[in-house]
Each structure stands twice: as C-alpha cells, then as structure tokens.
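final_38.tsv follows; it contains TSV, C-alpha atoms and all ligand atoms.
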chain	number	residue	atom	x	y	z
A	1	MET	CA	76.67	117.08	102.79
A	2	ASN	CA	78.53	119.80	100.90
A	3	SER	CA	81.39	121.54	102.71
A	4	ALA	CA	79.31	124.57	103.80
A	5	ALA	CA	76.76	122.22	105.36
A	6	VAL	CA	79.55	120.25	107.08
A	7	SER	CA	80.88	123.51	108.53
A	8	ARG	CA	77.45	124.61	109.75
A	9	ASP	CA	76.80	121.22	111.31
A	10	PHE	CA	80.24	121.25	112.93
A	11	ALA	CA	79.66	124.72	114.46
A	12	ARG	CA	76.14	123.86	115.57
A	13	ARG	CA	77.25	120.75	117.45
A	14	LEU	CA	79.77	122.79	119.40
A	15	GLU	CA	77.42	125.76	119.77
A	16	LEU	CA	79.89	128.03	117.98
A	17	ALA	CA	78.64	131.25	116.41
A	18	VAL	CA	81.69	131.26	114.11
A	19	PRO	CA	83.68	128.24	112.83
A	20	LEU	CA	86.92	129.53	114.34
A	21	VAL	CA	89.22	127.96	116.90
A	22	GLN	CA	91.57	130.01	119.03
A	23	ALA	CA	94.60	127.72	118.98
A	24	PRO	CA	95.94	126.37	122.24
A	25	MET	CA	99.29	128.06	122.84
A	26	VAL	CA	101.67	127.06	125.61
A	27	GLY	CA	103.27	130.24	126.93
A	28	CYS	CA	101.04	132.63	125.00
A	29	GLY	CA	97.43	131.70	125.63
A	30	GLY	CA	95.59	131.11	128.88
A	31	THR	CA	92.21	131.67	130.48
A	32	ALA	CA	91.89	135.32	129.39
A	33	LEU	CA	92.41	134.55	125.70
A	34	ALA	CA	90.13	131.49	125.80
A	35	SER	CA	87.47	133.54	127.55
A	36	ALA	CA	87.64	136.29	124.93
A	37	ALA	CA	87.38	133.73	122.12
A	38	ILE	CA	84.39	132.04	123.75
A	39	GLY	CA	82.72	135.41	124.29
A	40	ALA	CA	83.13	136.12	120.57
A	41	GLY	CA	81.47	132.84	119.60
A	42	ALA	CA	84.62	130.87	118.73
A	43	LEU	CA	86.09	127.79	120.42
A	44	GLY	CA	88.41	128.76	123.26
A	45	SER	CA	91.41	126.52	123.95
A	46	LEU	CA	93.54	125.99	127.03
A	47	PRO	CA	97.16	124.78	126.75
A	48	GLY	CA	96.99	121.70	128.98
A	49	ALA	CA	100.60	120.72	128.22
A	50	ALA	CA	101.72	123.47	130.59
A	51	MET	CA	98.88	123.33	133.12
A	52	ALA	CA	98.69	120.93	136.05
A	53	PRO	CA	95.25	119.32	136.54
A	54	ALA	CA	94.41	121.72	139.39
A	55	ALA	CA	95.14	124.72	137.16
A	56	LEU	CA	92.95	123.23	134.43
A	57	ARG	CA	90.08	122.78	136.87
A	58	ASP	CA	90.41	126.40	138.04
A	59	ALA	CA	90.60	127.72	134.49
A	60	VAL	CA	87.53	125.83	133.26
A	61	ALA	CA	85.57	126.84	136.36
A	62	ALA	CA	86.51	130.48	135.72
A	63	LEU	CA	85.42	130.27	132.06
A	64	ARG	CA	82.07	128.72	132.99
A	65	ALA	CA	81.47	131.29	135.71
A	66	GLU	CA	82.34	134.18	133.41
A	67	HIS	CA	80.01	133.01	130.66
A	68	ALA	CA	77.28	131.59	132.88
A	69	GLY	CA	73.99	131.15	131.09
A	70	LYS	CA	75.61	130.99	127.65
A	71	PRO	CA	77.36	128.21	125.70
A	72	VAL	CA	80.96	127.81	126.92
A	73	PRO	CA	82.63	125.68	124.23
A	74	VAL	CA	86.08	124.84	125.51
A	75	ASN	CA	88.94	122.78	124.12
A	76	LEU	CA	91.56	121.28	126.42
A	77	ASN	CA	94.75	120.58	124.48
A	78	PHE	CA	97.40	118.06	125.45
A	79	PHE	CA	100.70	116.73	124.16
A	80	CYS	CA	101.01	112.97	123.60
A	81	HIS	CA	104.68	112.40	124.11
A	82	VAL	CA	106.37	109.71	126.12
A	83	PRO	CA	108.87	111.43	128.43
A	84	PRO	CA	112.30	110.24	127.27
A	85	ALA	CA	114.68	108.21	129.40
A	86	ALA	CA	117.49	110.27	130.93
A	87	ASP	CA	120.44	110.58	128.56
A	88	PRO	CA	123.27	112.16	130.58
A	89	ALA	CA	125.81	111.97	127.72
A	90	ARG	CA	123.54	113.85	125.31
A	91	GLU	CA	122.56	116.37	127.98
A	92	ALA	CA	126.26	116.97	128.74
A	93	ALA	CA	127.06	117.48	125.05
A	94	TRP	CA	124.17	119.95	124.77
A	95	ARG	CA	125.34	121.92	127.79
A	96	GLU	CA	128.85	121.93	126.34
A	97	ALA	CA	127.49	123.43	123.11
A	98	LEU	CA	125.73	126.09	125.18
A	99	ARG	CA	128.79	126.79	127.38
A	100	PRO	CA	129.98	129.88	125.46
A	101	PHE	CA	126.54	131.42	126.03
A	102	TYR	CA	126.53	130.52	129.73
A	103	ASP	CA	129.97	132.14	130.04
A	104	GLU	CA	128.95	135.25	128.11
A	105	LEU	CA	125.77	135.81	130.12
A	106	GLY	CA	127.38	134.84	133.43
A	107	VAL	CA	124.87	132.02	133.92
A	108	SER	CA	125.78	128.98	135.97
A	109	PRO	CA	124.70	125.66	134.43
A	110	SER	CA	124.02	124.55	138.01
A	111	ALA	CA	120.97	126.84	137.85
A	112	ILE	CA	119.42	124.43	135.35
A	113	ALA	CA	116.30	122.72	136.63
A	114	ASN	CA	115.48	119.17	135.61
A	115	GLY	CA	111.74	119.70	135.35
A	116	PRO	CA	109.41	117.77	133.03
A	117	GLY	CA	109.38	120.63	130.47
A	118	ARG	CA	105.95	119.78	129.09
A	119	LEU	CA	103.40	117.53	130.78
A	120	PRO	CA	102.31	114.40	128.89
A	121	PHE	CA	98.68	113.26	128.90
A	122	ASP	CA	98.42	110.75	131.76
A	123	ASP	CA	95.92	109.30	134.26
A	124	ASP	CA	95.86	112.42	136.44
A	125	VAL	CA	95.02	114.59	133.45
A	126	ALA	CA	92.40	112.07	132.30
A	127	ASP	CA	90.82	112.37	135.78
A	128	ALA	CA	90.57	116.12	135.23
A	129	VAL	CA	89.04	115.66	131.76
A	130	GLU	CA	86.44	113.25	133.16
A	131	ALA	CA	85.54	115.72	135.89
A	132	LEU	CA	85.48	118.77	133.62
A	133	ARG	CA	83.72	117.25	130.59
A	134	PRO	CA	85.03	119.81	128.04
A	135	GLU	CA	83.39	119.95	124.62
A	136	VAL	CA	86.68	119.13	122.88
A	137	VAL	CA	89.97	117.51	123.81
A	138	SER	CA	92.62	118.11	121.17
A	139	PHE	CA	95.95	116.35	121.01
A	140	HIS	CA	99.26	117.24	119.46
A	141	PHE	CA	101.85	114.54	118.53
A	142	GLY	CA	99.31	111.79	117.84
A	143	LEU	CA	96.96	110.25	120.38
A	144	PRO	CA	97.44	108.91	123.91
A	145	PRO	CA	97.46	105.14	124.61
A	146	ALA	CA	94.08	103.41	124.04
A	147	PRO	CA	92.97	103.17	127.71
A	148	LEU	CA	93.54	106.91	128.21
A	149	LEU	CA	91.84	107.75	124.92
A	150	ALA	CA	88.85	105.63	125.94
A	151	ARG	CA	88.53	107.67	129.13
A	152	VAL	CA	88.46	110.90	127.10
A	153	ARG	CA	85.77	109.51	124.81
A	154	ARG	CA	83.67	108.39	127.76
A	155	SER	CA	83.80	111.94	129.12
A	156	GLY	CA	81.72	112.96	126.09
A	157	ALA	CA	84.40	115.22	124.62
A	158	GLN	CA	85.04	115.33	120.90
A	159	VAL	CA	88.56	114.06	120.21
A	160	TRP	CA	90.70	116.00	117.74
A	161	SER	CA	94.35	115.72	116.79
A	162	SER	CA	96.77	117.44	114.44
A	163	ALA	CA	97.87	115.88	111.17
A	164	THR	CA	100.84	117.24	109.25
A	165	THR	CA	100.58	114.75	106.36
A	166	VAL	CA	97.77	112.93	104.56
A	167	ALA	CA	98.98	109.66	106.11
A	168	GLU	CA	98.69	111.10	109.61
A	169	ALA	CA	95.15	112.31	108.87
A	170	GLN	CA	94.14	108.84	107.65
A	171	TRP	CA	95.74	107.21	110.69
A	172	LEU	CA	93.85	109.53	113.02
A	173	GLU	CA	90.55	108.85	111.27
A	174	ALA	CA	91.17	105.12	111.58
A	175	GLN	CA	91.58	105.60	115.35
A	176	GLY	CA	88.14	107.22	115.44
A	177	VAL	CA	88.89	110.90	116.00
A	178	ASP	CA	85.97	113.30	115.58
A	179	ALA	CA	87.98	115.85	113.58
A	180	VAL	CA	91.45	116.28	112.13
A	181	ILE	CA	93.42	119.50	112.37
A	182	ALA	CA	95.35	119.81	109.10
A	183	GLN	CA	98.42	121.69	110.28
A	184	GLY	CA	100.29	123.18	107.35
A	185	ALA	CA	104.02	123.81	107.53
A	186	GLU	CA	103.44	127.57	107.78
A	187	ALA	CA	102.00	127.17	111.28
A	188	GLY	CA	103.65	128.73	114.30
A	189	GLY	CA	104.69	126.55	117.23
A	190	HIS	CA	105.28	122.81	117.28
A	191	ARG	CA	104.67	120.59	114.34
A	192	GLY	CA	102.18	117.94	115.40
A	193	VAL	CA	104.18	115.35	113.41
A	194	PHE	CA	103.97	111.86	114.89
A	195	LEU	CA	103.78	109.09	112.29
A	196	GLN	CA	107.43	108.89	111.33
A	197	ALA	CA	110.40	107.38	113.10
A	198	ASP	CA	112.34	110.62	113.04
A	199	ALA	CA	110.18	113.62	114.00
A	200	SER	CA	113.04	115.92	113.05
A	201	ASP	CA	112.78	114.92	109.37
A	202	ILE	CA	110.99	118.07	108.28
A	203	THR	CA	111.09	117.16	104.57
A	204	THR	CA	107.70	115.46	105.04
A	205	GLN	CA	105.99	118.68	106.09
A	206	VAL	CA	103.48	120.17	103.65
A	207	GLY	CA	102.13	123.72	103.29
A	208	THR	CA	98.47	124.40	104.16
A	209	MET	CA	97.34	125.03	100.60
A	210	ALA	CA	98.64	121.63	99.52
A	211	LEU	CA	97.81	119.72	102.71
A	212	LEU	CA	94.26	120.91	103.37
A	213	PRO	CA	92.51	119.82	100.14
A	214	GLN	CA	94.37	116.51	100.12
A	215	VAL	CA	93.38	115.79	103.73
A	216	ALA	CA	89.79	116.90	103.05
A	217	ALA	CA	89.66	114.44	100.16
A	218	ALA	CA	91.25	111.62	102.15
A	219	VAL	CA	89.10	111.60	105.31
A	220	ARG	CA	85.39	111.77	106.03
A	221	VAL	CA	85.61	113.51	109.41
A	222	PRO	CA	85.55	117.33	109.55
A	223	VAL	CA	88.89	118.98	108.85
A	224	ILE	CA	90.09	122.06	110.71
A	225	ALA	CA	92.62	124.12	108.78
A	226	ALA	CA	95.66	125.56	110.58
A	227	GLY	CA	98.81	127.31	109.46
A	228	GLY	CA	99.46	130.70	107.92
A	229	ILE	CA	95.83	131.84	108.00
A	230	ALA	CA	95.75	135.47	109.06
A	231	ASP	CA	92.70	137.29	107.75
A	232	ALA	CA	89.11	136.92	106.54
A	233	ALA	CA	90.24	136.08	102.99
A	234	GLY	CA	92.49	133.31	104.33
A	235	VAL	CA	89.65	131.92	106.43
A	236	ALA	CA	87.32	131.96	103.43
A	237	ALA	CA	89.99	130.31	101.25
A	238	ALA	CA	90.45	127.52	103.81
A	239	MET	CA	86.70	126.90	103.90
A	240	ARG	CA	86.72	126.79	100.11
A	241	LEU	CA	89.46	124.18	100.21
A	242	GLY	CA	87.32	121.91	102.36
A	243	ALA	CA	87.82	123.08	105.94
A	244	ALA	CA	84.90	122.84	108.37
A	245	ALA	CA	86.62	125.35	110.65
A	246	VAL	CA	89.87	127.28	110.97
A	247	GLN	CA	92.32	127.23	113.88
A	248	LEU	CA	94.54	130.29	114.28
A	249	GLY	CA	97.41	130.83	116.66
A	250	THR	CA	99.83	133.49	115.43
A	251	ALA	CA	97.07	136.02	114.69
A	252	PHE	CA	96.21	136.16	118.43
A	253	LEU	CA	99.73	136.71	119.74
A	254	LEU	CA	99.50	140.49	120.06
A	255	CYS	CA	96.01	140.55	121.55
A	256	PRO	CA	95.99	142.07	125.03
A	257	GLU	CA	94.45	138.85	126.41
A	258	ALA	CA	97.44	136.78	125.20
A	259	THR	CA	100.27	136.12	127.66
A	260	THR	CA	102.91	136.65	124.97
A	261	SER	CA	106.10	138.00	126.59
A	262	ALA	CA	107.44	141.48	125.95
A	263	VAL	CA	110.41	140.26	123.86
A	264	HIS	CA	108.10	138.03	121.83
A	265	ARG	CA	105.68	140.90	121.18
A	266	ALA	CA	108.55	143.14	120.13
A	267	ALA	CA	109.91	140.50	117.74
A	268	LEU	CA	106.46	139.95	116.21
A	269	GLN	CA	106.20	143.68	115.50
A	270	SER	CA	109.68	143.89	113.97
A	271	GLN	CA	111.03	143.01	110.54
A	272	ALA	CA	112.56	139.90	112.14
A	273	ALA	CA	109.11	138.27	112.12
A	274	ARG	CA	109.31	137.97	108.35
A	275	HIS	CA	111.92	135.24	108.81
A	276	THR	CA	110.76	132.15	110.64
A	277	ALA	CA	112.16	128.62	110.57
A	278	LEU	CA	111.48	125.18	111.93
A	279	THR	CA	113.80	124.56	114.85
A	280	ASN	CA	114.28	121.79	117.40
A	281	LEU	CA	116.66	123.78	119.61
A	282	PHE	CA	114.14	124.98	122.16
A	283	THR	CA	112.33	121.77	123.07
A	284	GLY	CA	113.81	118.91	121.04
A	285	ARG	CA	110.96	118.79	118.51
A	286	PRO	CA	110.56	120.88	115.37
A	287	ALA	CA	108.55	124.04	115.91
A	288	ARG	CA	108.28	127.24	113.90
A	289	GLY	CA	109.61	130.42	115.40
A	290	ILE	CA	111.21	133.74	114.48
A	291	VAL	CA	114.87	133.21	113.67
A	292	ASN	CA	116.96	134.51	116.56
A	293	ARG	CA	120.57	134.42	117.70
A	294	LEU	CA	120.53	130.85	119.04
A	295	MET	CA	119.07	129.53	115.78
A	296	ARG	CA	121.57	131.51	113.71
A	297	GLU	CA	124.59	130.39	115.73
A	298	LEU	CA	123.73	126.70	116.29
A	299	GLY	CA	121.67	126.09	113.16
A	300	ALA	CA	117.88	125.90	113.44
A	301	MET	CA	117.80	122.07	113.38
A	302	SER	CA	120.54	120.42	115.40
A	303	ALA	CA	121.33	116.82	116.31
A	304	LEU	CA	122.69	118.20	119.58
A	305	ALA	CA	119.30	119.16	121.03
A	306	PRO	CA	118.13	116.64	123.65
A	307	SER	CA	114.87	114.74	123.16
A	308	PHE	CA	111.53	116.49	123.56
A	309	PRO	CA	110.78	118.07	125.93
A	310	THR	CA	113.99	118.02	127.96
A	311	ALA	CA	115.83	120.50	125.71
A	312	VAL	CA	113.73	123.20	127.42
A	313	ASN	CA	115.67	122.99	130.67
A	314	ALA	CA	119.23	123.91	129.66
A	315	LEU	CA	118.03	127.01	127.84
A	316	ALA	CA	115.80	128.33	130.61
A	317	PRO	CA	118.48	130.28	132.53
A	318	LEU	CA	119.87	131.75	129.30
A	319	ARG	CA	116.42	132.82	128.22
A	320	ALA	CA	115.74	134.43	131.60
A	321	ALA	CA	119.04	136.32	131.62
A	322	ALA	CA	118.64	137.57	128.05
A	323	GLU	CA	115.00	138.56	128.52
A	324	LYS	CA	116.01	140.61	131.58
A	325	ALA	CA	118.16	142.60	129.19
A	326	GLY	CA	115.26	142.90	126.74
A	327	LEU	CA	116.69	140.31	124.32
A	328	GLY	CA	114.92	137.32	122.79
A	329	ASP	CA	118.21	135.67	121.78
A	330	PHE	CA	117.45	132.41	123.63
A	331	SER	CA	113.64	132.55	123.69
A	332	SER	CA	111.34	130.42	121.58
A	333	LEU	CA	109.66	133.18	119.59
A	334	TRP	CA	106.97	130.94	118.11
A	335	ALA	CA	105.27	132.45	115.08
A	336	GLY	CA	103.87	131.22	111.81
A	337	GLN	CA	104.97	132.37	108.37
A	338	ASN	CA	102.17	134.91	108.15
A	339	VAL	CA	102.32	137.51	110.91
A	340	SER	CA	100.36	140.04	108.85
A	341	GLY	CA	97.24	139.32	110.91
A	342	CYS	CA	98.87	140.00	114.29
A	343	LYS	CA	97.18	143.06	115.72
A	344	ALA	CA	97.22	144.52	119.19
A	345	ILE	CA	93.43	144.53	119.36
A	346	PRO	CA	91.04	142.64	121.63
A	347	ALA	CA	90.61	139.02	120.55
A	348	ALA	CA	86.85	139.51	120.11
A	349	GLN	CA	87.49	142.25	117.56
A	350	LEU	CA	90.02	140.08	115.76
A	351	ILE	CA	87.54	137.20	115.63
A	352	ALA	CA	84.84	139.51	114.23
A	353	GLU	CA	87.28	140.65	111.52
A	354	LEU	CA	88.29	137.06	110.69
A	355	ALA	CA	84.69	135.94	110.45
A	356	ALA	CA	83.65	138.80	108.17
A	357	GLY	CA	82.28	137.47	104.92
A	358	LEU	CA	81.81	133.89	106.08
A	401	LIG	C1	102.90	130.56	120.29
A	401	LIG	C2	102.30	129.28	119.81
A	401	LIG	C3	102.15	128.22	120.70
A	401	LIG	C4	101.53	127.03	120.27
A	401	LIG	N1	101.31	126.05	121.20
A	401	LIG	C5	100.55	124.97	120.84
A	401	LIG	C6	100.12	124.03	121.81
A	401	LIG	O1	100.39	124.17	123.01
A	401	LIG	N2	99.37	122.99	121.39
A	401	LIG	C7	99.01	122.82	120.07
A	401	LIG	O2	98.33	121.85	119.76
A	401	LIG	N3	99.41	123.70	119.13
A	401	LIG	C8	100.15	124.77	119.49
A	401	LIG	N4	100.49	125.69	118.52
A	401	LIG	C9	100.13	125.45	117.11
A	401	LIG	C10	98.69	125.87	116.84
A	401	LIG	O3	97.79	124.92	117.36
A	401	LIG	C11	98.38	125.99	115.33
A	401	LIG	O4	98.71	124.80	114.67
A	401	LIG	C12	99.10	127.14	114.66
A	401	LIG	O5	99.14	128.27	115.49
A	401	LIG	C13	98.40	127.50	113.34
A	401	LIG	O6	99.20	128.30	112.53
A	401	LIG	P1	99.34	129.89	112.68
A	401	LIG	O7	100.21	130.08	113.87
A	401	LIG	O8	99.97	130.31	111.41
A	401	LIG	O9	97.95	130.44	112.89
A	401	LIG	C14	101.12	126.89	118.93
A	401	LIG	C15	101.29	127.95	118.03
A	401	LIG	C16	101.86	129.14	118.46
A	401	LIG	C17	101.99	130.28	117.48

What would you get if you wrote out this structure as structure tokens?
Amino acid sequence: MNSAAVSRDFARRLELAVPLVQAPMVGCGGTALASAAIGAGALGSLPGAAMAPAALRDAVAALRAEHAGKPVPVNLNFFCHVPPAADPAREAAWREALRPFYDELGVSPSAIANGPGRLPFDDDVADAVEALRPEVVSFHFGLPPAPLLARVRRSGAQVWSSATTVAEAQWLEAQGVDAVIAQGAEAGGHRGVFLQADASDITTQVGTMALLPQVAAAVRVPVIAAGGIADAAGVAAAMRLGAAAVQLGTAFLLCPEATTSAVHRAALQSQAARHTALTNLFTGRPARGIVNRLMRELGAMSALAPSFPTAVNALAPLRAAAEKAGLGDFSSLWAGQNVSGCKAIPAAQLIAELAAGL
C-alpha cells in the first residue's frame, strides 16, 4: 500500500473522518476536548495518567452518551513508569534547592503532599480498559509489563506508543504495537523516551522532520507524526513524509474546551512562548515547556530534580502560590516549539482548518 492508502485504511479502521489525533494532555485536556475532537471526526484522547479508573469510566460513558448513534473513537493514554523507591536524601536536597522560593513566597514545605504525582498503568487501570473497550490505548514511556499489555490487547483496543528515536520505534514494533507515534523533539509535554538508561540524556532526541521519515522507513506499522505540527501545511507535510495520521497537542491549548490554566494561556499568547526548552524540573523527566523563572534560575535540566514523577510534589505549593498572584513562575507551561497554531477557537473549527487540503 502507498502511504495515502495506509492513511485511509488507518482512518477507516478507527472510523475517523480525518486522520488527526487530539493528543492526550495531562492538565490541559479532558472530556470536553476529547468530545469536541470526536465530534469533528478526529480521535479524542483522555489523559489516563491523571485520571483514576472511576473518572475514566465516567468520562468514557459521557463521551458515548454525547455522541450516541455515531462512531465514538476514543484513545485512553497511560504512562508506563515504575514508581521510584523513596529517596529521602534526594528529596531533602531538592527541597533545600527550593528553599529560597519557599521563603520568598511564604510557603511552608510542610504543605507538600506525598502523592503519586502521575498514576502508572496497573491492574486497576487494566480492569477499567477491559470494561470500557476503547478503540485505542496509547502509552508514553514504553509499554507496560507483558501480562498487563496482554490484557489491553484482549480488550480489543489498538495499542500505540510513542517513539523518540528509530531504535524505540523498532523496539515497539517488535513488541507488536499496532502503531508508533513518532514524537519529534519539537513536541510539547513529556518526551516519551524509554529505551536508554538515562532518560535525561536529551542528546538522543531528534526533530520531527528527521525522525518521521526514518521511522516510517524502519517499521511496517502505521506511524503517527507528533511534534511541532501546527497547521494544514504541517499536517500535509507529515503525511508526505510517511505519516498515516498526525497527533497534535500544543495547537489545542487555547481552545475553549481545553482545561489549560489562566497563567498557561497567558504565557502561550505572549512572546515568552517563542522560547521553550526541555526540562526535568517539574516532574523528574524531560518535557518541553515555555521557559519560566524556575527553569532560568535552576537550569532547565538539573540533577537535583527527584525521579519521575515525585518531583511534582515539592513544587505544587509554590505553583499554587504563584498562580494565585497570576504568575507562572513555578508552573509547567508545557508547549511545543511551534505555538503559531494555538488559537482560541473551538476545537472542531481548529480540526477543520488542520484537515483542509488533506
Ligand atoms: C500540555 C501537554 C500535555 C501533554 N501530556 C501528554 C500526556 O499526558 N500523554 C502523552 O502521551 N503525551 C502528552 N503530551 C505530548 C503529546 O502527546 C504530543 O506528543 C505533543 O503534543 C505533540 O507535539 P505538539 O505539542 O508540538 O503538537 C502532552 C503535550 C502537551 C502540549
């Protein structure tokens, strides 16, 4: 099959009117955004890494009720990390590094919760997947252990995962995934990097224009392009480079259906959004966001940040205090390198614009 035929076949299997995927986005995308994407004929995604199984069940039920009688292609997205063992010495060093900020904002480190940060894919979540039978389950940071993955497959869902290198794409294909998301280094949010001992070595990360054609040549499964794609020309270019579909995150961040915070929206609409960087400060894993005060003062990549996802906790009270004052100094302002497609228009309109000319 040529690449246009692969794309058509891919969309047909998922009953998509357009080969576009609204990216799952912890913190910025929920049921409303997924619903708008589905209504516009794209694949809607829910950010399962921040949703307990009960919330996932409610969200999928709401989507199916809202679009009753029509195809409701939904993607449930999960993170495949192993929660790290407690490391009190590292946590203490991190809090010490943050002490000047706690003092300045009058925040007590005792207000820090020790929550899980982000939920890993486990048996409880697999129960929910089996009950919900979504069209797609996509993973970030590799794949879950074989018994859990087998449960997802048995549910009938297509299994996708992000690859940030050609080697990761080949590894995923060898594990039997149904599609690979080629996530270029321009992408906003977390890098899906998983096949290297040190996830914070960002020298391995490749831009979309270089990654996509190499991945498309290296694997036989459909490839979904992600990273820096912001308009119809970018979508068309990705398809030309071998993509069967395109996954966009940043472009949706200003849509009214997104749950993007006020400080995040303001940053996206400011000149600051022209400068993004990969940073591990906010969660412990590299992710792309708009450069802000914390990144400037501690350095975007720091050996001090605790392991993913525990770094989230110590920053939470600082973020809350700063956001109350209208500042995004301690917030993860996730954004890709191309914010030119961010528009405060309904997601359905954005999808129609992105699909123009396909
Ligand atoms: C705010 C934000 C949150 C994200 N959260 C997730 C997530 O929860 N799971 C995931 O697989 N990818 C996540 N991503 C990455 C997207 O799946 C995708 O790779 C990326 O948005 C594509 O690049 P773009 O932002 O330039 O469109 C996120 C991206 C953004 C911008």

Could you tell me how far atom CA of Leu294 of chain A lies from atom CA of Leu105 of chain A, in Å and to one decimal? 13.2 Å

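Comparing A:Gly227, A:Pro222, A:Gly69, A:Pro53 by their smallest distance to ligand LIG 401 (chain A), the closest is A:Gly227 (using all atoms listed in the file).
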
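With all atoms listed in the file taken into account, the protein and nucleic acid residues at most 8 Å from Leu350 of chain A (excluding it and anything under 5 positions from it in its own chain) are Phe252, Lys343 and Ile345 of chain A.
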
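Across the model, the gap from atom CA of Pro83 of chain A to atom CA of Pro144 of chain A is 12.5 Å.
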
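The two atoms in question, atom CA of Ala305 of chain A and atom CA of Ala325 of chain A, are spaced 24.8 Å apart.
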
Set the distance at 12 Å and use all atoms listed in the file: which residues neighbour Thr31 of chain A once local chain neighbours fewer than 3 positions away are removed? I'd like the list as a ChimeraX atom specification. /A:22,24-28,34-39,44-48,51,55-66,74-76,257-259

Find the residues near ligand LIG 401 (chain A). Use a cut-off of 9 Å, count all atoms listed in the file, and write them as JSON, numbers by chain. {"A": [22, 23, 24, 25, 26, 27, 28, 29, 46, 47, 48, 49, 50, 77, 78, 79, 138, 139, 140, 141, 161, 162, 181, 182, 183, 184, 185, 186, 187, 188, 189, 190, 191, 192, 225, 226, 227, 228, 229, 230, 246, 247, 248, 249, 250, 251, 252, 253, 260, 287, 288, 289, 332, 333, 334, 335, 336, 337, 338, 339]}

Polymer residues at most 8 Å from Pro256 of chain A, all atoms listed in the file, same-chain spacing of 4 or more positions, as a VMD selection string: chain A and resid 344 to 347

Emit the selected residues as a PDB file, in the frame of the given file, including C-alpha atoms.
ATOM      1  CA  ALA A 344      97.220 144.520 119.190  1.00  0.00           C
ATOM      2  CA  ILE A 345      93.430 144.530 119.360  1.00  0.00           C
ATOM      3  CA  PRO A 346      91.040 142.640 121.630  1.00  0.00           C
ATOM      4  CA  ALA A 347      90.610 139.020 120.550  1.00  0.00           C
TER       5      ALA A 347
END

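Considering the residues A:Asp178, A:Leu358, A:Met295, A:Ala262 and counting all atoms listed in the file, His275 of chain A has its shortest atom-to-atom contact with A:Met295.
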
Measuring atom to atom with only C-alpha atoms, identify which of A:Ala218, A:Ala197, A:Val72, A:Leu119 is nearest to Ala163 of chain A. A:Ala218
